Amino acid sequence: MFTNGQHAAWHHVLGLCKLHEGETAIVLGAQGVDTRYRAIALQVARERGAAAAYLEVENANRLPSTALAALRDADFVVDLSHSHDPEIRRLAPYGTRTLVVLEPPEILERMLPCEADKGRVEHAQACIRASKSMRVSTAAGTDFEVRLGELSGNCQYGFSDEPGHWDQWPGAFVTTYGNEGSANGTVVIAEGDMIFPQKEYVRTSITLRIEGGYIRAIEGGVDAMLLKATLDSYANPEVFAVSHLGWGLSRNSRWDALGFYDKKDIEGQDGRGHYGNFLFSTGPNVSGGGTRRAPLHLDIPLRDATVWLDDRQVVKAGEVLAPEQRA
């Protein structure tokens, strides 16, 4: 049973997604994956006048051709499976709007998106697209830079309102990908920063030495040892590559949220989208237009970072500068 607040939240978000009468909506689930939102997603979609149906697949990461055909024909998809099949991101040319929903109800309500989130994210994305370089520093010792322009980036603002757009409720952040081989410097994952998908706070700082777009050394104590063991276990050099880079723009996120939930019950949008964080990641770059695939992708939110685009400071010690402007 869902509360009035949860019902109102779903109406608010599907309203932001512009779901309306005459459209077709599919709620996508997978065997063995939590589908607690199946009923409310179908109910609210129908209350908004859409023809809504539930589609369950055996493996969300290997979508069958029949399922893909149905998704391509739909106007709107609520993805409860968090499919990592690359085809889910290839719905854009068909105009399908896709919204992933995974977090617990109280996080969905607390991090309820609004139009201002989209404004901040689109402004940040425009600033990145106009820049040729990004540099990041922290008091903990991060001093890292990368060239920009060869690959595209992604933006997430919590709702999917435009044809072909993929998004996730909740969370707001902007990312880009560096030019191949251009990332160099040092990234320090300080105590209290996070690593996903481990969904853990770092207890002992980790220093990453980066050269030519790849992590060449991992230094530190027990957390560094564990991270290196994880990456080494894949026996694939691409897991050491620098992937997407950006910063969080969710004003109603909580850095401490990860500590209040069992790992299986939380996806981590508080950390990834935390306002003013720097989101460093490793692994593939295919979603930015690159060709690099990797069997592991890490998201690593860093607190209190300072970020420059070319010679313009856009984040100062975790404070986003001019966040409401549109370029």
# chains A, B, ... in the order shown; residues from 1 in each chain; ligands from 1
call {"tool": "select_by_dssp", "arguments": {"residues": "region 44-257 of chain A", "states": "alpha helix (DSSP H)", "output": "number ranges by chain"}}
result
A: 44-47, 65-73, 105-110, 115-129, 222-232
call {"tool": "write_last_selection", "arguments": {"atoms": "C-alpha atoms", "output": "PDB file, in the first residue's frame"}}
result
ATOM      1  CA  VAL A  44      -0.375   6.727 -11.989  1.00  0.00           C
ATOM      2  CA  ALA A  45       0.441   6.282 -15.678  1.00  0.00           C
ATOM      3  CA  ARG A  46      -3.174   5.253 -16.292  1.00  0.00           C
ATOM      4  CA  GLU A  47      -4.498   8.093 -14.145  1.00  0.00           C
ATOM      5  CA  SER A  65      14.234  -8.770 -29.405  1.00  0.00           C
ATOM      6  CA  THR A  66      10.517  -8.884 -28.641  1.00  0.00           C
ATOM      7  CA  ALA A  67      10.997  -6.746 -25.527  1.00  0.00           C
ATOM      8  CA  LEU A  68      13.182  -4.268 -27.416  1.00  0.00           C
ATOM      9  CA  ALA A  69      10.533  -3.927 -30.112  1.00  0.00           C
ATOM     10  CA  ALA A  70       7.907  -3.120 -27.481  1.00  0.00           C
ATOM     11  CA  LEU A  71      10.160  -0.545 -25.802  1.00  0.00           C
ATOM     12  CA  ARG A  72      10.902   1.130 -29.122  1.00  0.00           C
ATOM     13  CA  ASP A  73       7.196   1.447 -29.836  1.00  0.00           C
ATOM     14  CA  PRO A 105      10.251   5.580  -1.235  1.00  0.00           C
ATOM     15  CA  GLU A 106      11.547   8.029   1.384  1.00  0.00           C
ATOM     16  CA  ILE A 107      14.556   8.893  -0.797  1.00  0.00           C
ATOM     17  CA  LEU A 108      12.322   9.369  -3.850  1.00  0.00           C
ATOM     18  CA  GLU A 109      10.178  11.815  -1.861  1.00  0.00           C
ATOM     19  CA  ARG A 110      13.061  13.679  -0.221  1.00  0.00           C
ATOM     20  CA  GLU A 115      12.376  22.173 -13.137  1.00  0.00           C
ATOM     21  CA  ALA A 116      15.194  24.089 -11.427  1.00  0.00           C
ATOM     22  CA  ASP A 117      17.239  20.875 -11.305  1.00  0.00           C
ATOM     23  CA  LYS A 118      17.073  20.666 -15.081  1.00  0.00           C
ATOM     24  CA  GLY A 119      18.137  24.304 -15.353  1.00  0.00           C
ATOM     25  CA  ARG A 120      21.243  23.761 -13.228  1.00  0.00           C
ATOM     26  CA  VAL A 121      22.216  20.577 -15.047  1.00  0.00           C
ATOM     27  CA  GLU A 122      21.733  21.990 -18.536  1.00  0.00           C
ATOM     28  CA  HIS A 123      23.756  25.080 -17.655  1.00  0.00           C
ATOM     29  CA  ALA A 124      26.590  22.907 -16.361  1.00  0.00           C
ATOM     30  CA  GLN A 125      26.424  20.731 -19.461  1.00  0.00           C
ATOM     31  CA  ALA A 126      26.627  23.776 -21.724  1.00  0.00           C
ATOM     32  CA  CYS A 127      29.671  25.023 -19.806  1.00  0.00           C
ATOM     33  CA  ILE A 128      31.402  21.669 -20.276  1.00  0.00           C
ATOM     34  CA  ARG A 129      30.623  21.556 -23.994  1.00  0.00           C
ATOM     35  CA  VAL A 222      43.711  -1.392   3.561  1.00  0.00           C
ATOM     36  CA  ASP A 223      41.142   0.367   1.342  1.00  0.00           C
ATOM     37  CA  ALA A 224      43.764   0.860  -1.377  1.00  0.00           C
ATOM     38  CA  MET A 225      44.690  -2.820  -1.118  1.00  0.00           C
ATOM     39  CA  LEU A 226      41.052  -3.874  -1.475  1.00  0.00           C
ATOM     40  CA  LEU A 227      40.423  -1.552  -4.420  1.00  0.00           C
ATOM     41  CA  LYS A 228      43.515  -2.812  -6.228  1.00  0.00           C
ATOM     42  CA  ALA A 229      42.500  -6.414  -5.582  1.00  0.00           C
ATOM     43  CA  THR A 230      39.056  -5.732  -7.039  1.00  0.00           C
ATOM     44  CA  LEU A 231      40.436  -4.150 -10.205  1.00  0.00           C
ATOM     45  CA  ASP A 232      43.168  -6.773 -10.620  1.00  0.00           C
TER      46      ASP A 232
END
call {"tool": "residues_around", "arguments": {"residues": "Tyr261 (chain A)", "least_positions_apart": "2", "cutoff": "12 Å", "atoms": "only C-alpha atoms", "output": "ChimeraX atom specification"}}
result
/A:103-104,106-107,199-200,256-259,263-268,270
call {"tool": "select_by_dssp", "arguments": {"residues": "region 51-119 of chain A", "states": "strand (DSSP E)", "output": "list in words"}}
result
Ala51, Ala52, Ala53, Tyr54, Leu55, Glu56, Val57, Phe76, Val77, Val78, Asp79, Arg97, Thr98, Leu99, Val100 and Val101 of chain A
call {"tool": "closest_residue", "arguments": {"among": "A:Phe196, A:Trp169, A:Trp247, A:Trp10", "to": "Met111 (chain A)", "atoms": "only C-alpha atoms"}}
result
A:Trp169
call {"tool": "residues_around", "arguments": {"residues": "Gly22 (chain A)", "least_positions_apart": "5", "cutoff": "8 Å", "atoms": "only C-alpha atoms", "output": "PyMOL selection string"}}
result
chain A and resi 49-51
call {"tool": "closest_residue", "arguments": {"among": "A:Ala74, A:Ala172, A:Cys114, A:Leu321", "to": "Ser253 (chain A)", "atoms": "only C-alpha atoms"}}
result
A:Ala172
call {"tool": "residues_around", "arguments": {"residues": "region 143-151 of chain A", "least_positions_apart": "4", "cutoff": "12 Å", "atoms": "only C-alpha atoms", "output": "VMD selection string"}}
result
chain A and resid 127 to 139 175 to 189 207 to 215 242 to 246 278 280 285 to 292 305 to 310
call {"tool": "atom_distance", "arguments": {"atom1": "CA of Glu191 (chain A)", "atom2": "CA of Thr204 (chain A)"}}
result
5.5 Å
call {"tool": "atom_distance", "arguments": {"atom1": "CA of Asp167 (chain A)", "atom2": "CA of His11 (chain A)"}}
result
16.6 Å
call {"tool": "closest_residue", "arguments": {"among": "A:Asn59, A:Thr142, A:Thr98, A:Ser81", "to": "Asp161 (chain A)", "atoms": "only C-alpha atoms"}}
result
A:Thr98
call {"tool": "residues_around", "arguments": {"residues": "Glu87 (chain A)", "least_positions_apart": "5", "cutoff": "10 Å", "atoms": "only C-alpha atoms", "output": "list in words"}}
result
Asn61, Arg62, Leu63, Leu68 and Ala92 of chain A
call {"tool": "write_last_selection", "arguments": {"atoms": "C-alpha atoms", "output": "short mmCIF file (atom, residue, chain, number, x, y, z; two decimals), in the first residue's frame"}}
result
data_model
loop_
_atom_site.label_atom_id
_atom_site.label_comp_id
_atom_site.auth_asym_id
_atom_site.auth_seq_id
_atom_site.Cartn_x
_atom_site.Cartn_y
_atom_site.Cartn_z
CA ASN A 61 20.97 -7.03 -19.14
CA ARG A 62 20.13 -9.16 -22.18
CA LEU A 63 16.84 -7.85 -23.47
CA LEU A 68 13.18 -4.27 -27.42
CA ALA A 92 16.76 7.55 -28.19
#
call {"tool": "residues_around", "arguments": {"residues": "Ile26 (chain A)", "least_positions_apart": "5", "cutoff": "7 Å", "atoms": "only C-alpha atoms", "output": "list of chain:residue names"}}
result
A:Ala52, A:Ala53, A:Tyr54, A:Leu55, A:Ala74, A:Phe76, A:Val77, A:Val78
call {"tool": "write_last_selection", "arguments": {"atoms": "N, CA, C and O atoms", "output": "CSV table (one decimal), in the first residue's frame"}}
result
chain,number,residue,atom,x,y,z
A,52,ALA,N,-1.0,1.8,-20.2
A,52,ALA,CA,0.2,1.3,-19.5
A,52,ALA,C,0.1,-0.2,-19.4
A,52,ALA,O,-0.9,-0.8,-19.1
A,53,ALA,N,1.3,-0.8,-19.5
A,53,ALA,CA,1.4,-2.3,-19.4
A,53,ALA,C,2.7,-2.6,-18.7
A,53,ALA,O,3.7,-1.9,-18.8
A,54,TYR,N,2.7,-3.8,-18.1
A,54,TYR,CA,3.9,-4.3,-17.4
A,54,TYR,C,4.6,-5.3,-18.3
A,54,TYR,O,3.9,-6.2,-18.8
A,55,LEU,N,5.9,-5.2,-18.4
A,55,LEU,CA,6.7,-6.1,-19.2
A,55,LEU,C,7.8,-6.7,-18.4
A,55,LEU,O,8.6,-5.9,-17.9
A,74,ALA,N,7.1,2.2,-27.5
A,74,ALA,CA,6.5,3.0,-26.4
A,74,ALA,C,6.9,4.4,-26.4
A,74,ALA,O,8.0,4.8,-26.9
A,76,PHE,N,7.0,6.0,-23.4
A,76,PHE,CA,7.6,6.2,-22.1
A,76,PHE,C,7.8,4.9,-21.5
A,76,PHE,O,7.0,4.0,-21.5
A,77,VAL,N,9.0,4.7,-20.8
A,77,VAL,CA,9.3,3.5,-20.1
A,77,VAL,C,9.7,3.8,-18.7
A,77,VAL,O,10.6,4.7,-18.4
A,78,VAL,N,9.1,3.2,-17.7
A,78,VAL,CA,9.6,3.2,-16.3
A,78,VAL,C,10.4,1.9,-16.1
A,78,VAL,O,9.9,0.8,-16.1
call {"tool": "residues_around", "arguments": {"residues": "Val100 (chain A)", "least_positions_apart": "6", "cutoff": "10 Å", "atoms": "only C-alpha atoms", "output": "list in words"}}
result
Val27, Leu28, Val77, Val78, Asp79, Leu80, Ser81, His82, Ser83, Gly158, Phe159, Ser160, Trp166, Asp167, Gln168, Trp169 and Pro170 of chain A
call {"tool": "write_last_selection", "arguments": {"atoms": "N, CA and C atoms", "output": "mmCIF file, in the first residue's frame"}}
result
data_model
loop_
_atom_site.group_PDB
_atom_site.id
_atom_site.type_symbol
_atom_site.label_atom_id
_atom_site.label_comp_id
_atom_site.auth_asym_id
_atom_site.auth_seq_id
_atom_site.Cartn_x
_atom_site.Cartn_y
_atom_site.Cartn_z
ATOM 1 N N VAL A 27 6.055 -0.407 -18.077
ATOM 2 C CA VAL A 27 6.803 -0.564 -16.839
ATOM 3 C C VAL A 27 7.641 -1.828 -17.005
ATOM 4 N N LEU A 28 8.976 -1.670 -17.012
ATOM 5 C CA LEU A 28 9.889 -2.779 -17.284
ATOM 6 C C LEU A 28 10.413 -3.377 -15.992
ATOM 7 N N VAL A 77 8.989 4.740 -20.809
ATOM 8 C CA VAL A 77 9.332 3.508 -20.109
ATOM 9 C C VAL A 77 9.727 3.847 -18.674
ATOM 10 N N VAL A 78 9.131 3.167 -17.713
ATOM 11 C CA VAL A 78 9.589 3.212 -16.325
ATOM 12 C C VAL A 78 10.407 1.946 -16.111
ATOM 13 N N ASP A 79 11.711 2.094 -15.962
ATOM 14 C CA ASP A 79 12.611 0.954 -15.844
ATOM 15 C C ASP A 79 12.855 0.633 -14.371
ATOM 16 N N LEU A 80 12.235 -0.425 -13.884
ATOM 17 C CA LEU A 80 12.435 -0.884 -12.518
ATOM 18 C C LEU A 80 13.534 -1.939 -12.438
ATOM 19 N N SER A 81 14.080 -2.333 -13.587
ATOM 20 C CA SER A 81 15.090 -3.384 -13.641
ATOM 21 C C SER A 81 16.510 -2.842 -13.646
ATOM 22 N N HIS A 82 16.662 -1.539 -13.936
ATOM 23 C CA HIS A 82 17.971 -0.906 -14.124
ATOM 24 C C HIS A 82 18.804 -1.710 -15.123
ATOM 25 N N SER A 83 18.235 -1.857 -16.304
ATOM 26 C CA SER A 83 18.902 -2.620 -17.347
ATOM 27 C C SER A 83 20.237 -1.999 -17.728
ATOM 28 N N GLY A 158 16.589 13.925 -13.008
ATOM 29 C CA GLY A 158 15.550 13.311 -12.208
ATOM 30 C C GLY A 158 14.239 13.023 -12.893
ATOM 31 N N PHE A 159 14.088 13.453 -14.147
ATOM 32 C CA PHE A 159 12.872 13.147 -14.900
ATOM 33 C C PHE A 159 13.201 13.129 -16.393
ATOM 34 N N SER A 160 12.350 12.464 -17.161
ATOM 35 C CA SER A 160 12.601 12.297 -18.592
ATOM 36 C C SER A 160 11.468 12.944 -19.374
ATOM 37 N N TRP A 166 17.068 9.632 -21.473
ATOM 38 C CA TRP A 166 17.177 8.627 -20.407
ATOM 39 C C TRP A 166 17.521 9.354 -19.117
ATOM 40 N N ASP A 167 16.858 9.001 -18.013
ATOM 41 C CA ASP A 167 17.151 9.665 -16.748
ATOM 42 C C ASP A 167 16.826 8.723 -15.594
ATOM 43 N N GLN A 168 17.090 9.201 -14.378
ATOM 44 C CA GLN A 168 16.812 8.419 -13.184
ATOM 45 C C GLN A 168 16.261 9.321 -12.095
ATOM 46 N N TRP A 169 15.166 8.862 -11.479
ATOM 47 C CA TRP A 169 14.602 9.544 -10.319
ATOM 48 C C TRP A 169 15.074 8.780 -9.095
ATOM 49 N N PRO A 170 15.770 9.446 -8.149
ATOM 50 C CA PRO A 170 16.119 10.857 -8.112
ATOM 51 C C PRO A 170 17.556 11.068 -8.574
#
call {"tool": "closest_residue", "arguments": {"among": "A:Pro284, A:Asp85, A:Leu102, A:Asn277", "to": "Gly318 (chain A)", "atoms": "only C-alpha atoms"}}
result
A:Asn277
call {"tool": "atom_distance", "arguments": {"atom1": "CA of Pro197 (chain A)", "atom2": "CA of Gly271 (chain A)"}}
result
11.5 Å
